[in-house]
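Peer 1: First the structure, then my questions, so here it is.
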Amino acid sequence: MLIDSVTLLVKAGDGGNGSSSLLHNGLTFKGGPDGGDGGNGGNIYLQGSTNINDLREFRFKKKIVAQDGTAGGRQKLFGKNAPHLTLLVPLGTSIIDTARKKNYEITDTKRLLLVAKGGKGGRGNTAFKSATNQTPEYAEYGKKGEEKKLLLELRLIAEIGLIGLPNAGKSSILSALTNANPKIADYPFTTLEPNIGMMENHPIADIPGLIEGAAQGRGLGARFLKHIEKTRILIHCIELTDNTILERYATVRQEFERFNKALLEKSEIILLTKTDLASEKTIKKYKLLFEKRGKQMLTCSLYDQKSIDALHVELNMLIENI
Ligand SMILES: Nc1nc2c(ncn2[C@@H]2O[C@H](COP(=O)(O)OP(=O)(O)OP(=O)(O)O)[C@@H](O)[C@H]2O)c(=O)[nH]1
Ligand SMILES: [Mg+2]
């Protein structure tokens, strides 16, 4: 199961307290202040990683707490700064801080996003020594570390999205074009989670089948429609099995419109699948019908390796040129 949404509580470490201490040793009975500063609490960062596919790590780990700084001590002993915590999340993770109305997104593996800042250590009484007060006896408390409730949402980052009604052959195409091995079967909703495969260095996502009403939550579609938002090209797969092709096409487009109109603006290629099941005449007819609507057309059959090779070449060209 793809875990693409979690709520997380992050609590950075508190600063250690400053120490209030006056020097006294064998030589000095009551010397000057010698209390050291407390150490800083640990920060919490998020960082993108290409080795992680979803947010399952945080499914049961609801609260992440960084260590506190240690307190300052006598003899100007500084407290230790606590180590920072870095949590790895998949690329395409959005971080929503609802309380502060802030949104962030993790798009690369280099930058660290600070999500909770550790509290500063309190100053020891040595820091308060002045001309007018040579022996201050007060020190600061460490500051509290930030605590935030964050919503993490993952949107898969794929260049190409394979979409269409159930059973259209999406997973079959993914497995023919990429290194992925998705489950393939002749019943609807075989794919329950999006699969990602790599065609050379281009990620392709195979999305579970959409049905009428998907945008309102029917079938499996709604949860996964958001994953298409990031793709650059949509390959709309339509199987050539009966004469309801245009209606089936319209059904999927309507769900896009209901979910997010921006999906309609995406570059869309129509891929008529299972050409082995249709006559030349039928294939030609539908090719023309879609071309008339200004759509780019491709056709393929799993049982015609040439058509798969041509599809491969065509998709590579499309990606290069978009
Ligand atoms: N005849 C023929 N059958 C095909 C072709 N491509 C896929 N199939 C069959 O069609 C059925 C559905 O294929 P899938 O790839 O699982 O379809 P899907 O679109 O991923 O389906 P969902 O995951 O349910 O949305 C399977 O039985 C495949 O073997 C093809 O080119 N020709
Ligand atoms: Mg599938």
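Identifiers for the structure tokens are assigned positionally: chains receive A, B, ... in sequence, residues are indexed from 1 per chain, and ligands are indexed from 1 in the order shown.
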Mind checking which residues fall within 12 Å of segment 122-132 of chain A, counting only C-alpha atoms, ignoring those fewer than 2 positions away in the same chain, and posting them as a PyMOL selection string?
Peer 2: chain A and resi 14-23+31-41+69-81+119-120+134-144
Peer 1: Check which residues fall inside 7 Å of ligand 1 when counting only C-alpha atoms and all ligand atoms, and print them as a ChimeraX atom specification.
Peer 2: /A:164-173,183-192,208-209,273-277,300-303
Peer 1: Quick one: everything within 7 Å of segment 6-12 of chain A, counting only C-alpha atoms, minus sequence neighbours fewer than 5 positions away in the same chain. Send it as a PyMOL selection string.
Peer 2: chain A and resi 41-44+58-59+62-66+116-118+145-153
Peer 1: Nearest to ligand 2: which of A:Leu315, A:Val252, A:Ile233, A:Ile163 is it, counting only C-alpha atoms and all ligand atoms?
Peer 2: A:Ile163
Peer 1: Please report, as a list in words, each residue of segment 109-196 of chain A to which DSSP assigns alpha helix (DSSP H) when run on this structure's backbone.
Peer 2: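 Residues meeting the alpha helix (DSSP H) criterion: Lys170, Ser171, Ser172, Ile173, Leu174, Ser175, Ala176 and Leu177 of chain A.
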